[in-house]
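These notes are about the structure you will find just below.
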Amino acid sequence: IGTDLHDRGSYYAYVEYKHMRDFYHQATGHGEHIVDGEDQDRHLEDMPVGAFAIMPPHALQEFEERYGYLNLQFVSYRPGYYDVIQQNVNKASGVQHLLNHTGWKPEELVSMGDNDNDVPLMQFVGLSYCMADGSEQAKAAATRIAPSAEEEGVRVVLEQLFLNGAE
């Protein structure tokens with residue numbers, strides 16, 4: 001499990017630290033941002049802004065047994081990859097917080113996504129797009145389907161919405 005940029009600009013690996021550091025270094029060229037988080041009790045007291053987990057589904061039960069009292073939810077965004085968030089926190093609740101400060105209304109917003117972690121926001125906004133290669137749950141939640149990421153779906157939708165299809 002890694003926490004996403006808490007207050008020290010690092011990712012804390014709670015299990016398999018060396019593996020996570022090596023994986024991150026291979027993927028980004030920077031392993032120094034991975035910190036051994038096993039003894040970082042402050043994360044158990046004060047949750048970071050966001051966290052993620054890369055682990056097989058059976059490991060969720062082990063985590064729940066050890067840290068279940070934290071009442072966290074694991075939202076899959078691809079097999080074996082999870083957003084780890086507090087109960088009742090998701091992309092929609094984050095946008096609602098923003099709306100509280102702007103005066104905008106949900107029906108005035110557009111969202112795009114492709115996975116289960118995007119579903120609450122897709123259901124919250126007035127117009128939502130799921131990429132054609134998105135998860136079945138995200139497709140069901142979206143009001144429209146966009147071309148896949150490989151087909152530059154985000155660009156296509158933005159041009160249709162804001163540039164009237166201009167190239």
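Please note that chains go A, B, ... in the order of the structure tokens, that every chain numbers its residues from 1, and that ligands are numbered from 1 in the order shown.
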Quick one: contact table of segment 48-106 of chain A to segment 135-157 of chain A, 12 Å max, nearest atom pair and distance in Å to one decimal per residue, counting only C-alpha atoms, chain and number order, as a tab-separated table?
residue	atom	partner	partner_atom	distance
A:Ser76	CA	A:Ser135	CA	10.3
A:Tyr77	CA	A:Ser135	CA	8.7
A:Arg78	CA	A:Ser135	CA	8.6
A:Pro79	CA	A:Ser135	CA	10.6
Those same residues, written as a short mmCIF file (atom, residue, chain, number, x, y, z; two decimals), in the first residue's frame with N, CA, C and O atoms?
data_model
loop_
_atom_site.label_atom_id
_atom_site.label_comp_id
_atom_site.auth_asym_id
_atom_site.auth_seq_id
_atom_site.Cartn_x
_atom_site.Cartn_y
_atom_site.Cartn_z
N SER A 76 -11.51 -0.52 -6.79
CA SER A 76 -10.65 -1.00 -7.86
C SER A 76 -10.69 -0.05 -9.06
O SER A 76 -11.75 0.41 -9.46
N TYR A 77 -9.53 0.23 -9.61
CA TYR A 77 -9.51 0.98 -10.86
C TYR A 77 -8.87 0.18 -11.98
O TYR A 77 -8.87 0.62 -13.13
N ARG A 78 -8.38 -0.98 -11.68
CA ARG A 78 -8.01 -2.03 -12.61
C ARG A 78 -7.67 -3.23 -11.75
O ARG A 78 -7.42 -3.09 -10.56
N PRO A 79 -7.69 -4.42 -12.31
CA PRO A 79 -7.47 -5.61 -11.46
C PRO A 79 -6.19 -5.53 -10.64
O PRO A 79 -5.11 -5.31 -11.18
#
Out of segment 31-163 of chain A, which residues get helix (DSSP H, G or I) from DSSP, as a ChimeraX atom specification?
-> /A:42-45,58-70,91-102,106-108,116-124,136-141,149-151,153-162
Near segment 12-24 of chain A, 12 Å: segment 45-132 of chain A residue rows, closest pairs, only C-alpha atoms, as CSV:
residue,atom,partner,partner_atom,distance
A:Pro48,CA,A:Tyr12,CA,10.4
A:Gly50,CA,A:Tyr12,CA,11.4
A:Ala51,CA,A:Tyr12,CA,9.1
A:Phe52,CA,A:Ala13,CA,9.8
A:Ala53,CA,A:Ala13,CA,9.1
A:Ile54,CA,A:Met20,CA,9.0
A:Met55,CA,A:Val15,CA,9.6
A:Ala59,CA,A:Val15,CA,10.6
A:Glu62,CA,A:Val15,CA,11.3
A:Phe63,CA,A:Val15,CA,10.0
A:Arg66,CA,A:Tyr14,CA,11.9
A:Tyr67,CA,A:Tyr14,CA,11.6
Write out the residues from the selection above, keeping all heavy atoms, as a short mmCIF file (atom, residue, chain, number, x, y, z; two decimals), in the first residue's frame.
data_model
loop_
_atom_site.label_atom_id
_atom_site.label_comp_id
_atom_site.auth_asym_id
_atom_site.auth_seq_id
_atom_site.Cartn_x
_atom_site.Cartn_y
_atom_site.Cartn_z
N PRO A 48 -3.93 10.25 4.97
CA PRO A 48 -3.43 11.14 3.93
C PRO A 48 -4.56 11.53 2.97
O PRO A 48 -5.66 10.99 3.06
CB PRO A 48 -2.37 10.29 3.22
CG PRO A 48 -2.79 8.90 3.49
CD PRO A 48 -3.44 8.90 4.83
N GLY A 50 -4.89 10.80 -0.10
CA GLY A 50 -5.31 9.63 -0.85
C GLY A 50 -4.27 8.54 -0.71
O GLY A 50 -3.15 8.80 -0.31
N ALA A 51 -4.67 7.36 -1.03
CA ALA A 51 -3.73 6.25 -0.98
C ALA A 51 -4.10 5.28 -2.09
O ALA A 51 -5.20 5.35 -2.65
CB ALA A 51 -3.80 5.54 0.38
N PHE A 52 -3.18 4.40 -2.39
CA PHE A 52 -3.45 3.38 -3.39
C PHE A 52 -2.84 2.08 -2.90
O PHE A 52 -1.97 2.08 -2.05
CB PHE A 52 -2.88 3.76 -4.76
CG PHE A 52 -1.38 3.82 -4.79
CD1 PHE A 52 -0.63 2.72 -5.19
CD2 PHE A 52 -0.71 4.97 -4.42
CE1 PHE A 52 0.76 2.76 -5.21
CE2 PHE A 52 0.67 5.03 -4.43
CZ PHE A 52 1.41 3.92 -4.82
N ALA A 53 -3.33 1.00 -3.46
CA ALA A 53 -2.79 -0.31 -3.13
C ALA A 53 -2.66 -1.10 -4.42
O ALA A 53 -3.53 -1.05 -5.28
CB ALA A 53 -3.71 -1.04 -2.17
N ILE A 54 -1.55 -1.79 -4.53
CA ILE A 54 -1.35 -2.74 -5.61
C ILE A 54 -1.15 -4.08 -4.93
O ILE A 54 -0.13 -4.30 -4.27
CB ILE A 54 -0.11 -2.38 -6.46
CG1 ILE A 54 -0.24 -0.98 -7.03
CG2 ILE A 54 0.09 -3.41 -7.57
CD1 ILE A 54 1.03 -0.47 -7.71
N MET A 55 -2.16 -4.94 -5.03
CA MET A 55 -2.08 -6.22 -4.36
C MET A 55 -3.15 -7.14 -4.91
O MET A 55 -4.15 -6.69 -5.45
CB MET A 55 -2.22 -6.06 -2.86
CG MET A 55 -3.50 -5.46 -2.39
SD MET A 55 -3.43 -5.27 -0.59
CE MET A 55 -4.78 -4.17 -0.30
N ALA A 59 -5.34 -10.37 -0.69
CA ALA A 59 -4.61 -9.60 0.32
C ALA A 59 -5.50 -8.56 0.99
O ALA A 59 -5.18 -8.07 2.07
CB ALA A 59 -3.39 -8.94 -0.30
N GLU A 62 -6.48 -9.76 4.40
CA GLU A 62 -5.40 -9.61 5.37
C GLU A 62 -5.30 -8.17 5.87
O GLU A 62 -5.12 -7.92 7.06
CB GLU A 62 -4.07 -10.04 4.75
CG GLU A 62 -3.98 -11.51 4.43
CD GLU A 62 -2.71 -11.85 3.68
OE1 GLU A 62 -1.68 -11.17 3.88
OE2 GLU A 62 -2.75 -12.80 2.87
N PHE A 63 -5.42 -7.23 4.94
CA PHE A 63 -5.37 -5.81 5.34
C PHE A 63 -6.55 -5.49 6.25
O PHE A 63 -6.39 -4.82 7.27
CB PHE A 63 -5.39 -4.90 4.11
CG PHE A 63 -5.22 -3.46 4.46
CD1 PHE A 63 -3.95 -2.89 4.51
CD2 PHE A 63 -6.31 -2.66 4.76
CE1 PHE A 63 -3.78 -1.56 4.85
CE2 PHE A 63 -6.14 -1.32 5.10
CZ PHE A 63 -4.88 -0.78 5.14
N ARG A 66 -6.04 -6.63 9.76
CA ARG A 66 -5.04 -5.86 10.50
C ARG A 66 -5.49 -4.41 10.76
O ARG A 66 -5.24 -3.87 11.83
CB ARG A 66 -3.73 -5.86 9.72
CG ARG A 66 -2.60 -5.21 10.44
CD ARG A 66 -1.29 -5.48 9.75
NE ARG A 66 -0.22 -4.86 10.48
CZ ARG A 66 1.03 -4.87 10.10
NH1 ARG A 66 1.37 -5.51 9.01
NH2 ARG A 66 1.95 -4.28 10.82
N TYR A 67 -6.12 -3.79 9.76
CA TYR A 67 -6.45 -2.36 9.86
C TYR A 67 -7.94 -2.08 9.68
O TYR A 67 -8.32 -0.96 9.37
CB TYR A 67 -5.67 -1.58 8.80
CG TYR A 67 -4.17 -1.66 8.95
CD1 TYR A 67 -3.40 -2.34 8.02
CD2 TYR A 67 -3.53 -1.05 10.03
CE1 TYR A 67 -2.03 -2.41 8.14
CE2 TYR A 67 -2.15 -1.12 10.16
CZ TYR A 67 -1.41 -1.80 9.21
OH TYR A 67 -0.05 -1.87 9.35
#
Residues near segment 98-105 of chain A, cut-off 12 Å, only C-alpha atoms, skip fewer than 3 positions along chain, as number ranges by chain = A: 91-95, 108-110, 124-127
Convert the current residue selection to file output with all heavy atoms, as an mmCIF file, in the first residue's frame.
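So the final result, stored in part33.cif, reads:
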data_model
loop_
_atom_site.group_PDB
_atom_site.id
_atom_site.type_symbol
_atom_site.label_atom_id
_atom_site.label_comp_id
_atom_site.auth_asym_id
_atom_site.auth_seq_id
_atom_site.Cartn_x
_atom_site.Cartn_y
_atom_site.Cartn_z
ATOM 1 N N LYS A 91 -14.620 10.774 -5.590
ATOM 2 C CA LYS A 91 -14.446 11.907 -6.496
ATOM 3 C C LYS A 91 -15.648 12.842 -6.444
ATOM 4 O O LYS A 91 -15.487 14.061 -6.531
ATOM 5 C CB LYS A 91 -14.188 11.415 -7.918
ATOM 6 C CG LYS A 91 -12.847 10.722 -8.053
ATOM 7 C CD LYS A 91 -12.606 10.215 -9.457
ATOM 8 C CE LYS A 91 -11.242 9.528 -9.525
ATOM 9 N NZ LYS A 91 -10.892 9.122 -10.894
ATOM 10 N N ALA A 92 -16.840 12.312 -6.292
ATOM 11 C CA ALA A 92 -18.037 13.155 -6.219
ATOM 12 C C ALA A 92 -18.030 14.009 -4.955
ATOM 13 O O ALA A 92 -18.375 15.197 -5.000
ATOM 14 C CB ALA A 92 -19.298 12.308 -6.282
ATOM 15 N N SER A 93 -17.637 13.440 -3.824
ATOM 16 C CA SER A 93 -17.620 14.240 -2.589
ATOM 17 C C SER A 93 -16.560 15.327 -2.672
ATOM 18 O O SER A 93 -16.748 16.431 -2.154
ATOM 19 C CB SER A 93 -17.408 13.350 -1.360
ATOM 20 O OG SER A 93 -16.146 12.720 -1.387
ATOM 21 N N GLY A 94 -15.453 15.042 -3.357
ATOM 22 C CA GLY A 94 -14.429 16.072 -3.568
ATOM 23 C C GLY A 94 -14.940 17.200 -4.436
ATOM 24 O O GLY A 94 -14.715 18.384 -4.146
ATOM 25 N N VAL A 95 -15.647 16.867 -5.497
ATOM 26 C CA VAL A 95 -16.212 17.904 -6.371
ATOM 27 C C VAL A 95 -17.296 18.686 -5.626
ATOM 28 O O VAL A 95 -17.403 19.900 -5.777
ATOM 29 C CB VAL A 95 -16.733 17.296 -7.688
ATOM 30 C CG1 VAL A 95 -17.547 18.303 -8.483
ATOM 31 C CG2 VAL A 95 -15.570 16.781 -8.520
ATOM 32 N N GLU A 108 -24.173 21.407 -14.130
ATOM 33 C CA GLU A 108 -23.371 22.250 -15.019
ATOM 34 C C GLU A 108 -22.017 21.619 -15.353
ATOM 35 O O GLU A 108 -21.255 22.179 -16.131
ATOM 36 C CB GLU A 108 -23.118 23.618 -14.368
ATOM 37 C CG GLU A 108 -24.378 24.399 -14.104
ATOM 38 C CD GLU A 108 -24.133 25.660 -13.299
ATOM 39 O OE1 GLU A 108 -23.344 25.622 -12.319
ATOM 40 O OE2 GLU A 108 -24.737 26.695 -13.648
ATOM 41 N N LEU A 109 -21.731 20.459 -14.783
ATOM 42 C CA LEU A 109 -20.419 19.847 -14.921
ATOM 43 C C LEU A 109 -20.411 18.652 -15.867
ATOM 44 O O LEU A 109 -21.417 17.985 -16.052
ATOM 45 C CB LEU A 109 -19.917 19.391 -13.553
ATOM 46 C CG LEU A 109 -19.827 20.469 -12.478
ATOM 47 C CD1 LEU A 109 -19.358 19.852 -11.168
ATOM 48 C CD2 LEU A 109 -18.931 21.599 -12.899
ATOM 49 N N VAL A 110 -19.234 18.405 -16.427
ATOM 50 C CA VAL A 110 -18.991 17.263 -17.289
ATOM 51 C C VAL A 110 -17.840 16.472 -16.679
ATOM 52 O O VAL A 110 -16.866 17.059 -16.204
ATOM 53 C CB VAL A 110 -18.578 17.706 -18.714
ATOM 54 C CG1 VAL A 110 -18.247 16.504 -19.586
ATOM 55 C CG2 VAL A 110 -19.660 18.559 -19.342
ATOM 56 N N PHE A 124 -22.894 11.891 -10.363
ATOM 57 C CA PHE A 124 -23.103 13.170 -9.699
ATOM 58 C C PHE A 124 -23.276 14.327 -10.674
ATOM 59 O O PHE A 124 -24.090 15.216 -10.451
ATOM 60 C CB PHE A 124 -21.908 13.436 -8.758
ATOM 61 C CG PHE A 124 -21.978 14.715 -7.994
ATOM 62 C CD1 PHE A 124 -22.902 14.883 -6.975
ATOM 63 C CD2 PHE A 124 -21.100 15.755 -8.264
ATOM 64 C CE1 PHE A 124 -22.957 16.059 -6.251
ATOM 65 C CE2 PHE A 124 -21.141 16.931 -7.547
ATOM 66 C CZ PHE A 124 -22.072 17.092 -6.531
ATOM 67 N N VAL A 125 -22.509 14.332 -11.753
ATOM 68 C CA VAL A 125 -22.507 15.473 -12.672
ATOM 69 C C VAL A 125 -23.638 15.371 -13.695
ATOM 70 O O VAL A 125 -24.245 14.324 -13.880
ATOM 71 C CB VAL A 125 -21.149 15.619 -13.399
ATOM 72 C CG1 VAL A 125 -20.022 15.785 -12.389
ATOM 73 C CG2 VAL A 125 -20.887 14.440 -14.323
ATOM 74 N N GLY A 126 -23.877 16.486 -14.384
ATOM 75 C CA GLY A 126 -24.948 16.523 -15.368
ATOM 76 C C GLY A 126 -24.676 15.716 -16.612
ATOM 77 O O GLY A 126 -25.589 15.131 -17.204
ATOM 78 N N LEU A 127 -23.437 15.668 -17.063
ATOM 79 C CA LEU A 127 -23.073 14.953 -18.276
ATOM 80 C C LEU A 127 -21.789 14.187 -18.007
ATOM 81 O O LEU A 127 -20.792 14.773 -17.580
ATOM 82 C CB LEU A 127 -22.858 15.949 -19.427
ATOM 83 C CG LEU A 127 -22.472 15.393 -20.791
ATOM 84 C CD1 LEU A 127 -23.540 14.444 -21.327
ATOM 85 C CD2 LEU A 127 -22.240 16.545 -21.761
#
Smallest atom-to-atom distance to Leu70 of chain A: which of A:Asn115, A:Gln87, A:His97, A:Tyr82, using only C-alpha atoms?
-> A:Gln87
Kindly give the distance, in Å, that separates atom CA of Leu161 of chain A and atom CA of Cys130 of chain A, rounded to a single decimal.
-> 14.8 Å
